[in-house]
Amino acid sequence: MNSHNHILRRAVVAATLALGANVIAAPAAKPLTDWPHITSAVKQDKAMEARIKQIVAGMTLAQKIGQMTQPEIKYITPDDIRKYYIGSVLNGGGSWANGNKHASAADWVKLADAYYDASMRTDMKVQIPVIWGIDAMHGNSNMYGATLFPHNIGLGAARDPKLVGDMARSVARAVRATGIDWVFAPTLAVVRDDRWGRTYESFSEDPAIVKEYAGEYVKGLQGDLKSDNTVVATAKHFVGDGGTFEGKDRGLNKSTPEEMINIHAQGYYPALAAGVQTVMASFNSWNDYGKLHGSRELLTVALKEKMGFDGLVVSDWNGIGEVTGCEEDSCAASINAGVDLIMVPEKWKSFIANTIAQVEKGEIPMSRIDDAVTRILRVKLRAGLFDGKKPSQNIYAGKQEAMQDRALARKAVRESLVLLKNNGNVLPLARGKKILVVGKSADNMSNQSGGWSLTWQGTDNKNSDYPFSDTILAGVQEVVGKDNLTYSENAAGVDVGKYDAVIAVIGETPYAEGDGDIGPAGTLRLSGRHPEDLAVLRAVSGKGKPVVTVLITGRPLYTNDIINLSDSVVAAWLPGTEGKGVIDVLFRKADGKVNADFRGKLSFSWPKSACQTPLNVGDADYAPLFKYGYGLNYHSKVSVPQLDTSYPEGGCGKSLAVPVYNPTDRATYGLYVSSGGQRVALGADLNAVFNLPTVKVETAQINTQQDAKRLTWTGPAKLEAQASKAHKLPAFAGTDGALQFDAIVTAAPQGKVLIGMETVELDAGPVLKQMSGKGKQTVKIPLACFAAKGLPLAAFSTPFSVAADAPFTATFANIQIVGGAAKDKDALACADLK
């Protein structure tokens, strides 16, 4: 971490301009030396506690473990709820009622009623209602027809706690419209390295903003916990998820205890004080404490004992499987550490069986089970789930219009915009002018909304999937009129001189956790990942017409080349479905007066070089391009000069790996499967299942959520990683290099299995047979083994393939070519591969 101690000695730094302004600081608060006791607004009720104790006393072990189990809706039926006494369900991003992306609110409610009814028909002495949880990240964001608000990074720039509370109330109503009663929000991460793919889920690099928002967000969601427009909230991810080394998702947080308490935990104190009822454990590790899903010191001692949290701790998606010695369906260590409700999406039946056995063998004390169930029942009782109302009996249930709050979302967009540059006072634009709009994101709702939008990664969506929305292009058209507007995504063949101004809408494309990580060797340079943005600006800049660039992005990025080619630059973050909120600020009123001024201020520091991360206010060597708190308005007299556009072409760090297929690199090589004369691209839809004549392909998990492909062969078929052209192999990867991948073999091959690069294939059947049933293994095949068969090690268009001719089931992930790996002691010998 980068000079955390400086932030401990400062208070909130406000309104700071990199190009000349004063730093205003409040008196510094004394840093905490231990986890503070928090007094919750939600008090324990003696009668309720007695009732809980009586219910728990009458439950069998199977009933208790069932209450602690949370499957995903794709893998559980209502009758399973009844039979196994399941206490909770969830739906992940991109999982929908009846598998229908366009399911209506009424469709969702019908399924919620079915789960509820099943939970009330068990043979238990006291029927315990099921609770359903969902990631409603920026609106009820998994739902067709729901309003999507700006992601948290934009809300942080708005500096408006009341707005966040209003949004949370709107989200609660939208969620109850679909029959769901528990939201996995707010995210309280304090992001310290913008390479992290979840940066946009954070309000700020400054814990003061996170702290200011947390309580309002919780109060907005939960209200009195019993009204029809309230849901159970979740403070997540406890703790330190935003502080991992090199911004690696699920990585290691190297903070000191003082830094963890005073930086990363700041949002939890007001959230707990506001009465948040659930806390989600974090995927990350923390120094000597290991994975937090297995840390009793954090989940029980710090959170429950010292801070006094009496609600429930829920695990993240298969999070228990990352604890040392555990599997996705078996982890006594995580339960003993303090996890009460276990999110075990697919393997929930074996989890129940394993956990029952662990209790019977004394590996998990019955007192820990009783405590977990007590906490689950306490939350359900407080939330009114025992009041006898079905999900459909909520006044908002099934009402599609209850998922919409377009005026509030449009206001949130206006407040979140940050004006980075306005040389020559180009903005605001006058109406009635001829406008050329360019850029891939001007008319692209998927890019505008980002990750966690209808699908987990926000990919595989079309504009038609957002029926109640407006793109930024639609907003421009409304203001200037159809006859005064021309849209060209790449500006090809357009005479810029015919227009009064150009609006370029460019930036990142959707991603979520894992896929969004830039990686330690990557740069923050936008143009490196999206050269089309630089190309379109070069096509319109310098033609004598002002260029206004709107950046759609989930984090601050090195954009000096983009800024130089633009007269005005607006950071619009990920604004959601109300693109007209952007236009409200860019254009004047019809009478020429300003319609709405910019009021957003950076809640993240903006880098001036491609490798400038970590970069956080308070650092000893703090020198960004635009400082924390920067943000121009229409009264500003700041001119941004020409900026240095140099960057290291080899990346920011030393990496010996060339990615072929992993969650952080999807562009170079695509995955294809061939079977029975058919060939299909696996594509970006992580929920897709491909059933070909002799092979079935599913998305699975080896290292992180949905990072792998599981293939079940019944006959001859082939998986290939392939690009349209050959990519040169860097010298660093070719030197003692190896083809490396992670694999889980669940059914040994009954025939030949060939691992290939280009047209050279090696028989890996015996090796893969030995891997059967042994869990994750990392396979390293020296490139020399392929070279010995005549393969030139110069460039590859097909750097990986696996072909089987008989029944075989295996899962593959993290495919790469790694320099030096051939010398590793666990690398295969060429003699092992015929």
# chains A, B, ... in the order shown; residues from 1 in each chain; ligands from 1
>>> select_by_dssp(residues="segment 321-503 of chain A", states="strand (DSSP E)", output="PyMOL selection string")
chain A and resi 342-343+418-422+435-438+485-488+501-503
>>> closest_atom_pairs(of="segment 598-639 of chain A", to="segment 137-157 of chain A", cutoff="8 Å", atoms="only C-alpha atoms", output="tab-separated table")
residue	atom	partner	partner_atom	distance
A:Gly600	CA	A:Ala157	CA	5.0
A:Lys601	CA	A:Ala157	CA	4.9
A:Leu602	CA	A:Ala157	CA	5.3
A:Ser603	CA	A:Ala157	CA	5.2
>>> write_last_selection(atoms="C-alpha atoms", output="short mmCIF file (atom, residue, chain, number, x, y, z; two decimals), in the first residue's frame")
data_model
loop_
_atom_site.label_atom_id
_atom_site.label_comp_id
_atom_site.auth_asym_id
_atom_site.auth_seq_id
_atom_site.Cartn_x
_atom_site.Cartn_y
_atom_site.Cartn_z
CA GLY A 600 -19.11 17.01 -9.41
CA LYS A 601 -15.69 16.82 -7.75
CA LEU A 602 -13.20 14.00 -8.18
CA SER A 603 -13.47 11.44 -5.42
#
>>> atom_distance(atom1="atom CA of Arg529 of chain A", atom2="atom CA of Gly516 of chain A")
11.7 Å
>>> closest_residue(among="A:Met757, A:Ile38, A:Val373, A:Ile472", to="Gly308 of chain A", atoms="only C-alpha atoms")
A:Ile38
>>> residues_around(residues="Lys83 of chain A", least_positions_apart="4", cutoff="9 Å", atoms="only C-alpha atoms", output="ChimeraX atom specification")
/A:78-79,118-119,122-123
>>> closest_atom_pairs(of="segment 120-173 of chain A", to="segment 212-216 of chain A", cutoff="10 Å", atoms="only C-alpha atoms", output="Markdown table")
| residue | atom | partner | partner_atom | distance |
| --- | --- | --- | --- | --- |
| A:Leu155 | CA | A:Tyr213 | CA | 9.3 |
| A:Gly156 | CA | A:Tyr213 | CA | 8.4 |
| A:Arg159 | CA | A:Tyr213 | CA | 8.9 |
| A:Asp160 | CA | A:Tyr213 | CA | 8.2 |
| A:Pro161 | CA | A:Tyr213 | CA | 5.3 |
| A:Lys162 | CA | A:Glu216 | CA | 7.1 |
| A:Leu163 | CA | A:Glu216 | CA | 9.0 |
| A:Val164 | CA | A:Glu216 | CA | 6.7 |
| A:Gly165 | CA | A:Glu216 | CA | 4.9 |
| A:Asp166 | CA | A:Glu216 | CA | 8.7 |
| A:Met167 | CA | A:Glu216 | CA | 9.9 |
| A:Ala168 | CA | A:Glu216 | CA | 8.2 |
| A:Arg169 | CA | A:Glu216 | CA | 9.9 |
>>> atom_distance(atom1="atom CA of Trp108 of chain A", atom2="atom CA of Asp515 of chain A")
28.3 Å
>>> closest_residue(among="A:Ala743, A:Ala158, A:Ala233, A:Met366", to="Val183 of chain A", atoms="only C-alpha atoms")
A:Ala233
>>> closest_residue(among="A:Trp35, A:Trp96, A:Tyr84, A:Trp713", to="Met307 of chain A", atoms="only C-alpha atoms")
A:Trp35
>>> residues_around(residues="Ala265 of chain A", least_positions_apart="6", cutoff="10 Å", atoms="only C-alpha atoms", output="list in words")
Trp35, Leu188, Ala189, Val190, Pro207, Val210, Lys211, His237, Phe238, Val239, Gly240 and Glu259 of chain A
>>> residues_around(residues="Thr77 of chain A", least_positions_apart="3", cutoff="9 Å", atoms="only C-alpha atoms", output="list of chain:residue names")
A:Ile73, A:Lys74, A:Asp80, A:Ile81, A:Ala114, A:Tyr115
>>> residues_around(residues="His530 of chain A", least_positions_apart="2", cutoff="10 Å", atoms="only C-alpha atoms", output="compact mmCIF listing (two decimals) with N, CA and C atoms, in the first residue's frame")
# COMPACT_ATOMS: atom_id res chain seq x y z
N ILE A 506 -16.74 8.31 -25.55
CA ILE A 506 -15.80 7.20 -25.65
C ILE A 506 -15.52 6.64 -24.26
N GLY A 507 -14.67 5.60 -24.17
CA GLY A 507 -14.26 5.11 -22.87
C GLY A 507 -14.24 3.60 -22.77
N GLU A 508 -14.37 3.13 -21.54
CA GLU A 508 -14.28 1.70 -21.28
C GLU A 508 -15.56 0.98 -21.69
N THR A 509 -15.42 -0.30 -21.93
CA THR A 509 -16.56 -1.17 -22.16
C THR A 509 -16.84 -1.95 -20.88
N ARG A 525 -3.52 3.35 -19.27
CA ARG A 525 -3.76 4.09 -20.52
C ARG A 525 -5.02 3.58 -21.22
N LEU A 526 -6.02 4.44 -21.33
CA LEU A 526 -7.27 4.08 -22.00
C LEU A 526 -7.02 3.69 -23.45
N SER A 527 -6.19 4.44 -24.15
CA SER A 527 -5.99 4.19 -25.58
C SER A 527 -5.31 2.86 -25.85
N GLY A 528 -4.61 2.32 -24.86
CA GLY A 528 -3.98 1.03 -25.04
C GLY A 528 -4.98 -0.09 -25.15
N GLU A 532 -9.58 2.48 -30.60
CA GLU A 532 -10.62 3.09 -31.43
C GLU A 532 -11.00 4.48 -30.91
N ASP A 533 -10.84 4.70 -29.62
CA ASP A 533 -11.16 6.01 -29.05
C ASP A 533 -10.18 7.07 -29.52
N LEU A 534 -8.91 6.74 -29.49
CA LEU A 534 -7.89 7.66 -29.96
C LEU A 534 -8.06 7.92 -31.45
N ALA A 535 -8.38 6.88 -32.19
CA ALA A 535 -8.54 7.01 -33.64
C ALA A 535 -9.69 7.95 -33.99
>>> residues_around(residues="Val191 of chain A", least_positions_apart="6", cutoff="10 Å", atoms="only C-alpha atoms", output="list in words")
Arg198, Thr199, Tyr200, Glu201, Ser202, Phe203, Ser204, Glu205, Asp206, Pro207, Gly240, Asp241, Gly242, Gly243, Thr244, Gly247, Ile263, His264, Phe604, Pro614 and Asn616 of chain A
>>> closest_residue(among="A:Pro129, A:Asp117, A:Ser227, A:Leu574", to="Gly451 of chain A", atoms="only C-alpha atoms")
A:Leu574
>>> select_by_dssp(residues="segment 175-351 of chain A", states="alpha helix (DSSP H)", output="MDAnalysis selection string")
chainID A and resid 175:176 207:222 257:259 268:273 296 332:337 348:351
>>> decode(residues="segment 580-728 of chain A", atoms="C-alpha atoms", output="compact mmCIF listing (two decimals), in the first residue's frame")
# COMPACT_ATOMS: atom_id res chain seq x y z
CA LYS A 580 -30.11 12.77 -20.88
CA GLY A 581 -28.70 13.79 -17.51
CA VAL A 582 -25.38 14.34 -19.29
CA ILE A 583 -26.99 16.57 -21.89
CA ASP A 584 -28.77 18.61 -19.19
CA VAL A 585 -25.36 19.99 -18.25
CA LEU A 586 -23.61 20.14 -21.65
CA PHE A 587 -26.21 22.40 -23.31
CA ARG A 588 -27.68 25.78 -22.51
CA LYS A 589 -31.39 26.40 -22.23
CA ALA A 590 -33.29 27.62 -25.27
CA ASP A 591 -32.98 31.20 -23.96
CA GLY A 592 -29.20 30.89 -23.82
CA LYS A 593 -28.93 30.64 -20.06
CA VAL A 594 -27.08 27.85 -18.30
CA ASN A 595 -29.41 24.90 -17.73
CA ALA A 596 -27.39 23.08 -15.07
CA ASP A 597 -23.80 23.69 -14.04
CA PHE A 598 -21.16 21.09 -13.24
CA ARG A 599 -20.96 20.36 -9.53
CA GLY A 600 -19.11 17.01 -9.41
CA LYS A 601 -15.69 16.82 -7.75
CA LEU A 602 -13.20 14.00 -8.18
CA SER A 603 -13.47 11.44 -5.42
CA PHE A 604 -10.49 9.64 -7.00
CA SER A 605 -7.20 11.25 -8.00
CA TRP A 606 -6.56 11.36 -11.76
CA PRO A 607 -3.18 10.05 -12.97
CA LYS A 608 -0.73 12.07 -15.04
CA SER A 609 1.29 9.06 -16.17
CA ALA A 610 0.36 5.58 -17.35
CA CYS A 611 1.92 3.74 -14.40
CA GLN A 612 0.95 6.14 -11.62
CA THR A 613 -0.78 3.77 -9.27
CA PRO A 614 -1.38 3.50 -6.38
CA LEU A 615 -2.27 7.20 -6.33
CA ASN A 616 -4.15 8.52 -3.31
CA VAL A 617 -4.61 11.87 -1.62
CA GLY A 618 -2.33 12.05 1.40
CA ASP A 619 0.51 10.09 -0.20
CA ALA A 620 3.99 11.44 0.49
CA ASP A 621 4.76 11.82 -3.23
CA TYR A 622 1.26 12.89 -4.26
CA ALA A 623 1.43 14.46 -7.74
CA PRO A 624 -1.60 13.61 -9.91
CA LEU A 625 -2.76 15.36 -13.04
CA PHE A 626 -6.05 16.32 -11.41
CA LYS A 627 -6.12 16.18 -7.63
CA TYR A 628 -8.77 14.71 -5.39
CA GLY A 629 -11.53 17.31 -5.16
CA TYR A 630 -10.82 18.80 -8.59
CA GLY A 631 -13.77 19.77 -10.72
CA LEU A 632 -14.37 22.81 -12.90
CA ASN A 633 -17.65 24.62 -13.47
CA TYR A 634 -18.86 27.33 -15.83
CA HIS A 635 -17.27 30.03 -13.68
CA SER A 636 -13.81 28.43 -13.63
CA LYS A 637 -10.89 30.23 -15.28
CA VAL A 638 -8.62 27.20 -15.55
CA SER A 639 -6.97 26.24 -18.82
CA VAL A 640 -5.41 22.81 -19.20
CA PRO A 641 -2.13 22.94 -21.17
CA GLN A 642 -0.84 20.35 -23.63
CA LEU A 643 0.10 17.23 -21.72
CA ASP A 644 2.91 14.71 -22.04
CA THR A 645 1.60 11.62 -23.85
CA SER A 646 4.53 9.27 -23.41
CA TYR A 647 3.97 5.84 -21.91
CA PRO A 648 5.98 2.61 -21.51
CA GLU A 649 5.09 0.38 -24.46
CA GLY A 650 6.20 -2.71 -22.56
CA GLY A 651 3.79 -2.11 -19.70
CA CYS A 652 4.32 -0.98 -16.14
CA GLY A 653 5.96 -4.00 -14.60
CA LYS A 654 7.90 -7.08 -15.40
CA SER A 655 5.65 -9.92 -16.48
CA LEU A 656 6.80 -13.17 -18.01
CA ALA A 657 3.29 -14.27 -18.97
CA VAL A 658 1.38 -13.91 -22.22
CA PRO A 659 -2.33 -14.46 -21.48
CA VAL A 660 -4.26 -16.79 -23.77
CA TYR A 661 -7.50 -17.15 -21.81
CA ASN A 662 -8.14 -15.72 -18.36
CA PRO A 663 -10.64 -13.32 -16.80
CA THR A 664 -8.44 -10.24 -17.30
CA ASP A 665 -7.77 -10.74 -21.01
CA ARG A 666 -10.65 -11.54 -23.34
CA ALA A 667 -9.53 -9.72 -26.46
CA THR A 668 -6.50 -11.52 -27.91
CA TYR A 669 -7.71 -15.10 -28.27
CA GLY A 670 -11.31 -16.29 -28.41
CA LEU A 671 -12.43 -19.75 -27.35
CA TYR A 672 -14.07 -22.07 -29.88
CA VAL A 673 -15.44 -25.59 -29.69
CA SER A 674 -15.75 -28.00 -32.63
CA SER A 675 -17.92 -31.11 -32.59
CA GLY A 676 -19.77 -33.17 -35.18
CA GLY A 677 -19.07 -30.73 -37.98
CA GLN A 678 -20.18 -27.74 -35.91
CA ARG A 679 -17.92 -24.94 -34.62
CA VAL A 680 -19.14 -22.35 -32.14
CA ALA A 681 -17.57 -19.35 -30.42
CA LEU A 682 -18.08 -19.49 -26.68
CA GLY A 683 -18.49 -15.71 -26.54
CA ALA A 684 -19.00 -13.34 -23.61
CA ASP A 685 -22.25 -14.75 -22.23
CA LEU A 686 -21.06 -16.52 -19.09
CA ASN A 687 -24.47 -18.09 -18.52
CA ALA A 688 -24.55 -19.80 -21.89
CA VAL A 689 -24.42 -23.60 -22.03
CA PHE A 690 -23.38 -25.18 -25.34
CA ASN A 691 -24.67 -28.65 -26.15
CA LEU A 692 -22.92 -29.92 -29.25
CA PRO A 693 -23.18 -33.45 -30.67
CA THR A 694 -20.26 -34.87 -28.67
CA VAL A 695 -19.44 -32.25 -26.04
CA LYS A 696 -21.17 -30.01 -23.50
CA VAL A 697 -19.52 -26.70 -22.50
CA GLU A 698 -20.41 -24.79 -19.33
CA THR A 699 -18.94 -21.87 -17.42
CA ALA A 700 -17.36 -23.01 -14.16
CA GLN A 701 -14.93 -21.87 -11.49
CA ILE A 702 -11.36 -22.86 -10.71
CA ASN A 703 -9.72 -19.78 -9.19
CA THR A 704 -12.34 -17.05 -9.26
CA GLN A 705 -16.03 -16.74 -10.03
CA GLN A 706 -16.91 -18.00 -13.54
CA ASP A 707 -13.29 -17.97 -14.72
CA ALA A 708 -13.24 -21.41 -16.36
CA LYS A 709 -14.84 -23.63 -18.98
CA ARG A 710 -15.97 -27.16 -18.11
CA LEU A 711 -16.15 -29.59 -21.02
CA THR A 712 -17.89 -32.94 -20.89
CA TRP A 713 -16.86 -35.04 -23.88
CA THR A 714 -18.92 -38.02 -25.05
CA GLY A 715 -17.01 -38.39 -28.31
CA PRO A 716 -14.54 -36.57 -30.58
CA ALA A 717 -14.48 -32.80 -30.00
CA LYS A 718 -11.97 -30.00 -29.69
CA LEU A 719 -11.52 -26.79 -27.68
CA GLU A 720 -9.29 -24.10 -29.21
CA ALA A 721 -8.04 -20.65 -28.24
CA GLN A 722 -7.71 -18.81 -31.52
CA ALA A 723 -7.12 -15.34 -32.96
CA SER A 724 -7.75 -14.04 -36.47
CA LYS A 725 -4.03 -13.46 -36.96
CA ALA A 726 -0.81 -14.77 -35.45
CA HIS A 727 0.55 -12.81 -32.50
CA LYS A 728 4.30 -12.63 -32.02
